[in-house]
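my_file_33.cif follows (mmCIF, N, CA and C atoms; chains and numbers go by the auth columns):
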data_query
loop_
_atom_site.group_PDB
_atom_site.id
_atom_site.type_symbol
_atom_site.label_atom_id
_atom_site.label_comp_id
_atom_site.label_asym_id
_atom_site.label_seq_id
_atom_site.Cartn_x
_atom_site.Cartn_y
_atom_site.Cartn_z
_atom_site.B_iso_or_equiv
_atom_site.auth_seq_id
_atom_site.auth_asym_id
ATOM 1 N N MET A 1 58.517 -24.196 -117.215 0.00 1 N
ATOM 2 C CA MET A 1 57.538 -23.384 -116.517 0.00 1 N
ATOM 3 C C MET A 1 57.810 -21.905 -116.809 0.00 1 N
ATOM 4 N N THR A 2 56.753 -21.143 -116.926 0.00 2 N
ATOM 5 C CA THR A 2 56.905 -19.721 -117.223 0.00 2 N
ATOM 6 C C THR A 2 57.166 -18.941 -115.952 0.00 2 N
ATOM 7 N N ASP A 3 57.746 -17.769 -116.121 0.00 3 N
ATOM 8 C CA ASP A 3 57.985 -16.931 -114.955 0.00 3 N
ATOM 9 C C ASP A 3 56.749 -16.091 -114.639 0.00 3 N
ATOM 10 N N LYS A 4 56.817 -15.314 -113.604 0.00 4 N
ATOM 11 C CA LYS A 4 55.639 -14.585 -113.131 0.00 4 N
ATOM 12 C C LYS A 4 55.175 -13.511 -114.105 0.00 4 N
ATOM 13 N N GLU A 5 56.099 -12.934 -114.872 0.00 5 N
ATOM 14 C CA GLU A 5 55.696 -11.905 -115.841 0.00 5 N
ATOM 15 C C GLU A 5 54.822 -12.514 -116.940 0.00 5 N
ATOM 16 N N ASN A 6 55.179 -13.708 -117.399 0.00 6 N
ATOM 17 C CA ASN A 6 54.361 -14.361 -118.424 0.00 6 N
ATOM 18 C C ASN A 6 53.004 -14.770 -117.861 0.00 6 N
ATOM 19 N N LEU A 7 52.976 -15.223 -116.635 0.00 7 N
ATOM 20 C CA LEU A 7 51.692 -15.571 -116.017 0.00 7 N
ATOM 21 C C LEU A 7 50.796 -14.351 -115.874 0.00 7 N
ATOM 22 N N LEU A 8 51.385 -13.224 -115.514 0.00 8 N
ATOM 23 C CA LEU A 8 50.620 -11.989 -115.397 0.00 8 N
ATOM 24 C C LEU A 8 50.069 -11.563 -116.753 0.00 8 N
ATOM 25 N N ALA A 9 50.892 -11.678 -117.793 0.00 9 N
ATOM 26 C CA ALA A 9 50.447 -11.304 -119.137 0.00 9 N
ATOM 27 C C ALA A 9 49.315 -12.223 -119.613 0.00 9 N
ATOM 28 N N ILE A 10 49.453 -13.507 -119.363 0.00 10 N
ATOM 29 C CA ILE A 10 48.409 -14.451 -119.768 0.00 10 N
ATOM 30 C C ILE A 10 47.119 -14.194 -118.985 0.00 10 N
ATOM 31 N N GLY A 11 47.249 -13.924 -117.695 0.00 11 N
ATOM 32 C CA GLY A 11 46.073 -13.612 -116.883 0.00 11 N
ATOM 33 C C GLY A 11 45.368 -12.355 -117.344 0.00 11 N
ATOM 34 N N CYS A 12 46.143 -11.320 -117.672 0.00 12 N
ATOM 35 C CA CYS A 12 45.541 -10.074 -118.169 0.00 12 N
ATOM 36 C C CYS A 12 44.860 -10.281 -119.517 0.00 12 N
ATOM 37 N N LEU A 13 45.454 -11.110 -120.362 0.00 13 N
ATOM 38 C CA LEU A 13 44.835 -11.403 -121.658 0.00 13 N
ATOM 39 C C LEU A 13 43.509 -12.130 -121.474 0.00 13 N
ATOM 40 N N ILE A 14 43.472 -13.096 -120.584 0.00 14 N
ATOM 41 C CA ILE A 14 42.229 -13.827 -120.318 0.00 14 N
ATOM 42 C C ILE A 14 41.168 -12.891 -119.753 0.00 14 N
ATOM 43 N N LEU A 15 41.547 -12.016 -118.833 0.00 15 N
ATOM 44 C CA LEU A 15 40.594 -11.048 -118.284 0.00 15 N
ATOM 45 C C LEU A 15 40.103 -10.071 -119.346 0.00 15 N
ATOM 46 N N ALA A 16 40.989 -9.637 -120.238 0.00 16 N
ATOM 47 C CA ALA A 16 40.584 -8.706 -121.300 0.00 16 N
ATOM 48 C C ALA A 16 39.599 -9.361 -122.254 0.00 16 N
ATOM 49 N N VAL A 17 39.834 -10.615 -122.620 0.00 17 N
ATOM 50 C CA VAL A 17 38.914 -11.323 -123.517 0.00 17 N
ATOM 51 C C VAL A 17 37.561 -11.532 -122.836 0.00 17 N
ATOM 52 N N ALA A 18 37.586 -11.885 -121.551 0.00 18 N
ATOM 53 C CA ALA A 18 36.328 -12.079 -120.817 0.00 18 N
ATOM 54 C C ALA A 18 35.564 -10.761 -120.696 0.00 18 N
ATOM 55 N N PHE A 19 36.262 -9.675 -120.395 0.00 19 N
ATOM 56 C CA PHE A 19 35.617 -8.364 -120.269 0.00 19 N
ATOM 57 C C PHE A 19 35.029 -7.925 -121.611 0.00 19 N
ATOM 58 N N ASN A 20 35.755 -8.181 -122.696 0.00 20 N
ATOM 59 C CA ASN A 20 35.246 -7.848 -124.021 0.00 20 N
ATOM 60 C C ASN A 20 33.984 -8.647 -124.325 0.00 20 N
ATOM 61 N N GLY A 21 33.948 -9.913 -123.923 0.00 21 N
ATOM 62 C CA GLY A 21 32.752 -10.728 -124.121 0.00 21 N
ATOM 63 C C GLY A 21 31.564 -10.190 -123.343 0.00 21 N
ATOM 64 N N VAL A 22 31.799 -9.739 -122.122 0.00 22 N
ATOM 65 C CA VAL A 22 30.716 -9.154 -121.323 0.00 22 N
ATOM 66 C C VAL A 22 30.193 -7.887 -121.990 0.00 22 N
ATOM 67 N N LEU A 23 31.086 -7.050 -122.494 0.00 23 N
ATOM 68 C CA LEU A 23 30.644 -5.827 -123.168 0.00 23 N
ATOM 69 C C LEU A 23 29.857 -6.142 -124.440 0.00 23 N
ATOM 70 N N LEU A 24 30.254 -7.164 -125.174 0.00 24 N
ATOM 71 C CA LEU A 24 29.485 -7.552 -126.358 0.00 24 N
ATOM 72 C C LEU A 24 28.091 -8.027 -125.983 0.00 24 N
ATOM 73 N N LEU A 25 27.983 -8.797 -124.906 0.00 25 N
ATOM 74 C CA LEU A 25 26.666 -9.249 -124.477 0.00 25 N
ATOM 75 C C LEU A 25 25.815 -8.090 -123.984 0.00 25 N
ATOM 76 N N LEU A 26 26.422 -7.127 -123.296 0.00 26 N
ATOM 77 C CA LEU A 26 25.658 -5.960 -122.862 0.00 26 N
ATOM 78 C C LEU A 26 25.172 -5.146 -124.045 0.00 26 N
ATOM 79 N N ASN A 27 25.981 -5.070 -125.085 0.00 27 N
ATOM 80 C CA ASN A 27 25.551 -4.354 -126.273 0.00 27 N
ATOM 81 C C ASN A 27 24.404 -5.094 -126.951 0.00 27 N
ATOM 82 N N PHE A 28 24.449 -6.427 -126.952 0.00 28 N
ATOM 83 C CA PHE A 28 23.386 -7.211 -127.576 0.00 28 N
ATOM 84 C C PHE A 28 22.069 -7.042 -126.825 0.00 28 N
ATOM 85 N N TRP A 29 22.146 -7.018 -125.498 0.00 29 N
ATOM 86 C CA TRP A 29 20.963 -6.837 -124.676 0.00 29 N
ATOM 87 C C TRP A 29 20.950 -5.443 -124.070 0.00 29 N
ATOM 88 N N SER A 30 21.209 -4.421 -124.878 0.00 30 N
ATOM 89 C CA SER A 30 21.418 -3.083 -124.347 0.00 30 N
ATOM 90 C C SER A 30 20.170 -2.502 -123.686 0.00 30 N
ATOM 91 N N VAL A 31 18.987 -2.770 -124.221 0.00 31 N
ATOM 92 C CA VAL A 31 17.776 -2.214 -123.615 0.00 31 N
ATOM 93 C C VAL A 31 17.569 -2.809 -122.226 0.00 31 N
ATOM 94 N N ALA A 32 17.731 -4.097 -122.114 0.00 32 N
ATOM 95 C CA ALA A 32 17.560 -4.733 -120.804 0.00 32 N
ATOM 96 C C ALA A 32 18.618 -4.253 -119.821 0.00 32 N
ATOM 97 N N ALA A 33 19.842 -4.083 -120.279 0.00 33 N
ATOM 98 C CA ALA A 33 20.906 -3.604 -119.389 0.00 33 N
ATOM 99 C C ALA A 33 20.650 -2.162 -118.970 0.00 33 N
ATOM 100 N N HIS A 34 20.260 -1.316 -119.901 0.00 34 N
ATOM 101 C CA HIS A 34 19.984 0.079 -119.562 0.00 34 N
ATOM 102 C C HIS A 34 18.796 0.196 -118.616 0.00 34 N
ATOM 103 N N GLU A 35 17.782 -0.621 -118.831 0.00 35 N
ATOM 104 C CA GLU A 35 16.650 -0.612 -117.909 0.00 35 N
ATOM 105 C C GLU A 35 17.099 -0.979 -116.501 0.00 35 N
ATOM 106 N N PHE A 36 17.957 -1.962 -116.401 0.00 36 N
ATOM 107 C CA PHE A 36 18.399 -2.439 -115.090 0.00 36 N
ATOM 108 C C PHE A 36 19.257 -1.394 -114.380 0.00 36 N
ATOM 109 N N TYR A 37 20.182 -0.753 -115.106 0.00 37 N
ATOM 110 C CA TYR A 37 21.134 0.151 -114.467 0.00 37 N
ATOM 111 C C TYR A 37 20.627 1.583 -114.319 0.00 37 N
ATOM 112 N N ALA A 38 19.866 2.087 -115.288 0.00 38 N
ATOM 113 C CA ALA A 38 19.612 3.522 -115.321 0.00 38 N
ATOM 114 C C ALA A 38 18.153 3.936 -115.184 0.00 38 N
ATOM 115 N N TYR A 39 17.223 3.024 -115.344 0.00 39 N
ATOM 116 C CA TYR A 39 15.829 3.423 -115.367 0.00 39 N
ATOM 117 C C TYR A 39 15.032 2.705 -114.293 0.00 39 N
ATOM 118 N N ARG A 40 13.903 3.292 -113.946 0.00 40 N
ATOM 119 C CA ARG A 40 13.008 2.663 -112.994 0.00 40 N
ATOM 120 C C ARG A 40 11.573 3.006 -113.369 0.00 40 N
ATOM 121 N N THR A 41 10.655 2.232 -112.876 0.00 41 N
ATOM 122 C CA THR A 41 9.240 2.481 -113.119 0.00 41 N
ATOM 123 C C THR A 41 8.763 3.546 -112.141 0.00 41 N
ATOM 124 N N ILE A 42 8.010 4.512 -112.662 0.00 42 N
ATOM 125 C CA ILE A 42 7.488 5.568 -111.797 0.00 42 N
ATOM 126 C C ILE A 42 5.967 5.436 -111.718 0.00 42 N
ATOM 127 N N SER A 43 5.410 6.007 -110.673 0.00 43 N
ATOM 128 C CA SER A 43 3.962 5.961 -110.514 0.00 43 N
ATOM 129 C C SER A 43 3.302 6.959 -111.464 0.00 43 N
ATOM 130 N N SER A 44 2.026 6.788 -111.677 0.00 44 N
ATOM 131 C CA SER A 44 1.321 7.667 -112.616 0.00 44 N
ATOM 132 C C SER A 44 1.218 9.102 -112.114 0.00 44 N
ATOM 133 N N SER A 45 1.391 9.336 -110.816 0.00 45 N
ATOM 134 C CA SER A 45 1.353 10.708 -110.305 0.00 45 N
ATOM 135 C C SER A 45 2.645 11.468 -110.607 0.00 45 N
ATOM 136 N N MET A 46 3.717 10.761 -110.963 0.00 46 N
ATOM 137 C CA MET A 46 5.002 11.405 -111.261 0.00 46 N
ATOM 138 C C MET A 46 5.302 11.408 -112.756 0.00 46 N
ATOM 139 N N ILE A 47 4.291 11.269 -113.594 0.00 47 N
ATOM 140 C CA ILE A 47 4.504 11.160 -115.035 0.00 47 N
ATOM 141 C C ILE A 47 5.098 12.438 -115.629 0.00 47 N
ATOM 142 N N ASP A 48 4.907 13.590 -114.977 0.00 48 N
ATOM 143 C CA ASP A 48 5.473 14.836 -115.494 0.00 48 N
ATOM 144 C C ASP A 48 6.990 14.864 -115.359 0.00 48 N
ATOM 145 N N LYS A 49 7.592 14.005 -114.531 0.00 49 N
ATOM 146 C CA LYS A 49 9.046 13.935 -114.392 0.00 49 N
ATOM 147 C C LYS A 49 9.673 12.934 -115.365 0.00 49 N
ATOM 148 N N CYS A 50 8.868 12.295 -116.173 0.00 50 N
ATOM 149 C CA CYS A 50 9.347 11.275 -117.103 0.00 50 N
ATOM 150 C C CYS A 50 10.083 11.932 -118.275 0.00 50 N
ATOM 151 N N THR A 51 11.277 11.415 -118.608 0.00 51 N
ATOM 152 C CA THR A 51 12.049 11.948 -119.730 0.00 51 N
ATOM 153 C C THR A 51 12.186 10.946 -120.870 0.00 51 N
ATOM 154 N N HIS A 52 12.092 9.653 -120.566 0.00 52 N
ATOM 155 C CA HIS A 52 12.231 8.604 -121.574 0.00 52 N
ATOM 156 C C HIS A 52 11.116 7.575 -121.380 0.00 52 N
ATOM 157 N N VAL A 53 10.751 6.916 -122.456 0.00 53 N
ATOM 158 C CA VAL A 53 9.760 5.847 -122.378 0.00 53 N
ATOM 159 C C VAL A 53 10.304 4.610 -123.071 0.00 53 N
ATOM 160 N N LYS A 54 9.799 3.463 -122.664 0.00 54 N
ATOM 161 C CA LYS A 54 10.164 2.211 -123.313 0.00 54 N
ATOM 162 C C LYS A 54 9.077 1.876 -124.325 0.00 54 N
ATOM 163 N N ALA A 55 9.489 1.675 -125.560 0.00 55 N
ATOM 164 C CA ALA A 55 8.559 1.299 -126.627 0.00 55 N
ATOM 165 C C ALA A 55 8.853 -0.131 -127.035 0.00 55 N
ATOM 166 N N ILE A 56 7.813 -0.931 -127.135 0.00 56 N
ATOM 167 C CA ILE A 56 7.939 -2.315 -127.567 0.00 56 N
ATOM 168 C C ILE A 56 7.251 -2.445 -128.912 0.00 56 N
ATOM 169 N N VAL A 57 8.001 -2.877 -129.916 0.00 57 N
ATOM 170 C CA VAL A 57 7.472 -3.058 -131.264 0.00 57 N
ATOM 171 C C VAL A 57 7.318 -4.554 -131.498 0.00 57 N
ATOM 172 N N ASN A 58 6.067 -4.966 -131.704 0.00 58 N
ATOM 173 C CA ASN A 58 5.767 -6.381 -131.928 0.00 58 N
ATOM 174 C C ASN A 58 5.406 -6.557 -133.395 0.00 58 N
ATOM 175 N N ASN A 59 6.337 -7.127 -134.179 0.00 59 N
ATOM 176 C CA ASN A 59 6.118 -7.362 -135.599 0.00 59 N
ATOM 177 C C ASN A 59 5.508 -8.744 -135.758 0.00 59 N
ATOM 178 N N LYS A 60 4.205 -8.806 -135.951 0.00 60 N
ATOM 179 C CA LYS A 60 3.513 -10.089 -136.031 0.00 60 N
ATOM 180 C C LYS A 60 3.770 -10.803 -137.356 0.00 60 N
ATOM 181 N N LYS A 61 4.107 -10.042 -138.388 0.00 61 N
ATOM 182 C CA LYS A 61 4.370 -10.653 -139.681 0.00 61 N
ATOM 183 C C LYS A 61 5.676 -11.459 -139.647 0.00 61 N
ATOM 184 N N GLN A 62 6.723 -10.890 -139.024 0.00 62 N
ATOM 185 C CA GLN A 62 8.008 -11.582 -138.929 0.00 62 N
ATOM 186 C C GLN A 62 8.181 -12.295 -137.588 0.00 62 N
ATOM 187 N N ASN A 63 7.203 -12.176 -136.710 0.00 63 N
ATOM 188 C CA ASN A 63 7.224 -12.809 -135.395 0.00 63 N
ATOM 189 C C ASN A 63 8.443 -12.393 -134.578 0.00 63 N
ATOM 190 N N THR A 64 8.688 -11.067 -134.517 0.00 64 N
ATOM 191 C CA THR A 64 9.794 -10.530 -133.729 0.00 64 N
ATOM 192 C C THR A 64 9.275 -9.460 -132.785 0.00 64 N
ATOM 193 N N VAL A 65 9.972 -9.299 -131.672 0.00 65 N
ATOM 194 C CA VAL A 65 9.655 -8.257 -130.698 0.00 65 N
ATOM 195 C C VAL A 65 10.931 -7.487 -130.410 0.00 65 N
ATOM 196 N N LYS A 66 10.889 -6.158 -130.547 0.00 66 N
ATOM 197 C CA LYS A 66 12.051 -5.312 -130.271 0.00 66 N
ATOM 198 C C LYS A 66 11.664 -4.273 -129.236 0.00 66 N
ATOM 199 N N SER A 67 12.618 -3.939 -128.371 0.00 67 N
ATOM 200 C CA SER A 67 12.395 -2.919 -127.346 0.00 67 N
ATOM 201 C C SER A 67 13.337 -1.744 -127.588 0.00 67 N
ATOM 202 N N PHE A 68 12.826 -0.543 -127.401 0.00 68 N
ATOM 203 C CA PHE A 68 13.606 0.673 -127.561 0.00 68 N
ATOM 204 C C PHE A 68 13.336 1.591 -126.376 0.00 68 N
ATOM 205 N N ILE A 69 14.345 2.335 -125.951 0.00 69 N
ATOM 206 C CA ILE A 69 14.153 3.397 -124.977 0.00 69 N
ATOM 207 C C ILE A 69 14.333 4.713 -125.724 0.00 69 N
ATOM 208 N N THR A 70 13.273 5.504 -125.774 0.00 70 N
ATOM 209 C CA THR A 70 13.302 6.725 -126.576 0.00 70 N
ATOM 210 C C THR A 70 12.999 7.925 -125.688 0.00 70 N
ATOM 211 N N PRO A 71 13.611 9.072 -125.985 0.00 71 N
ATOM 212 C CA PRO A 71 13.308 10.273 -125.220 0.00 71 N
ATOM 213 C C PRO A 71 11.954 10.851 -125.634 0.00 71 N
ATOM 214 N N LEU A 72 11.303 11.493 -124.692 0.00 72 N
ATOM 215 C CA LEU A 72 10.041 12.157 -124.991 0.00 72 N
ATOM 216 C C LEU A 72 10.347 13.518 -125.610 0.00 72 N
ATOM 217 N N ILE A 73 9.647 13.845 -126.667 0.00 73 N
ATOM 218 C CA ILE A 73 9.815 15.155 -127.305 0.00 73 N
ATOM 219 C C ILE A 73 8.722 16.065 -126.767 0.00 73 N
ATOM 220 N N VAL A 74 9.132 17.129 -126.122 0.00 74 N
ATOM 221 C CA VAL A 74 8.167 18.037 -125.498 0.00 74 N
ATOM 222 C C VAL A 74 8.108 19.325 -126.270 0.00 74 N
#
Would it be possible to restate this file's structure as structure tokens?
Amino acid sequence: MTDKENLLAIGCLILAVAFNGVLLLLNFWSVAAHEFYAYRTISSSMIDKCTHVKAIVNNKKQNTVKSFITPLIV
């Protein structure tokens, strides 16, 4: 049987691998994650306070849909 230091090291390694996996998934779904954490839908009367917009590109030839969050250039 291992001692407590080895158990702690193994536990930290498992947590680090799991955390790295979560970060990889957030990077893969970055637009959806950023929308959830940092952005919200505003009413049309507050459009002058808008700094970023969500653009959806639908490529019908390749049958793909991509989402981007882009800043507005004023």
Worksheet item: Tell me, which residues of chain N carry DSSP helix (DSSP H, G or I), written as a PyMOL selection string?
Response: chain N and resi 4-28+30-38+44-49
Practice prompt. Would you write out, as a PyMOL selection string, every residue that the PyMOL selection byres ((chain N and resi 55) around 6) captures in this file?
Written response: chain N and resi 53-54+56-57+66-70
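Between atom CA of Pro71 of chain N and atom C of Cys50 of chain N lies a distance of 7.8 Å.
Here atom C of Lys4 of chain N and atom CA of Ala16 of chain N stand 17.0 Å from one another.
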Worksheet, complete the sentence: From the list N:Thr51, N:Asn20, N:Asn6, N:Ser43, the nearest residue to Ile73 of chain N using all atoms listed in the file is N:Thr51
Worksheet item: Among chain N, which ones does DSSP place in strand (DSSP E or B), written as a VMD selection string?
Response: chain N and resid 52 to 59 64 to 71
Item to complete: Choose the residue, out of N:Tyr39, N:Leu72, N:Leu25, N:Leu15, that has the smallest atom-to-atom separation from His52 of chain N; count all atoms listed in the file.
Response: N:Leu72
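Distance-wise, atom N of Asn58 of chain N and atom C of Glu35 of chain N end up 19.2 Å apart.
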Put the listed atoms of segment 57-68 of chain N in a box along x, y and z with 6 Å added on every side and give me the centre and edge lengths in Å to one decimal, as lines of an AutoDock Vina configuration file.
center_x = 8.6
center_y = -5.6
center_z = -133.0
size_x = 22.1
size_y = 26.4
size_z = 25.3
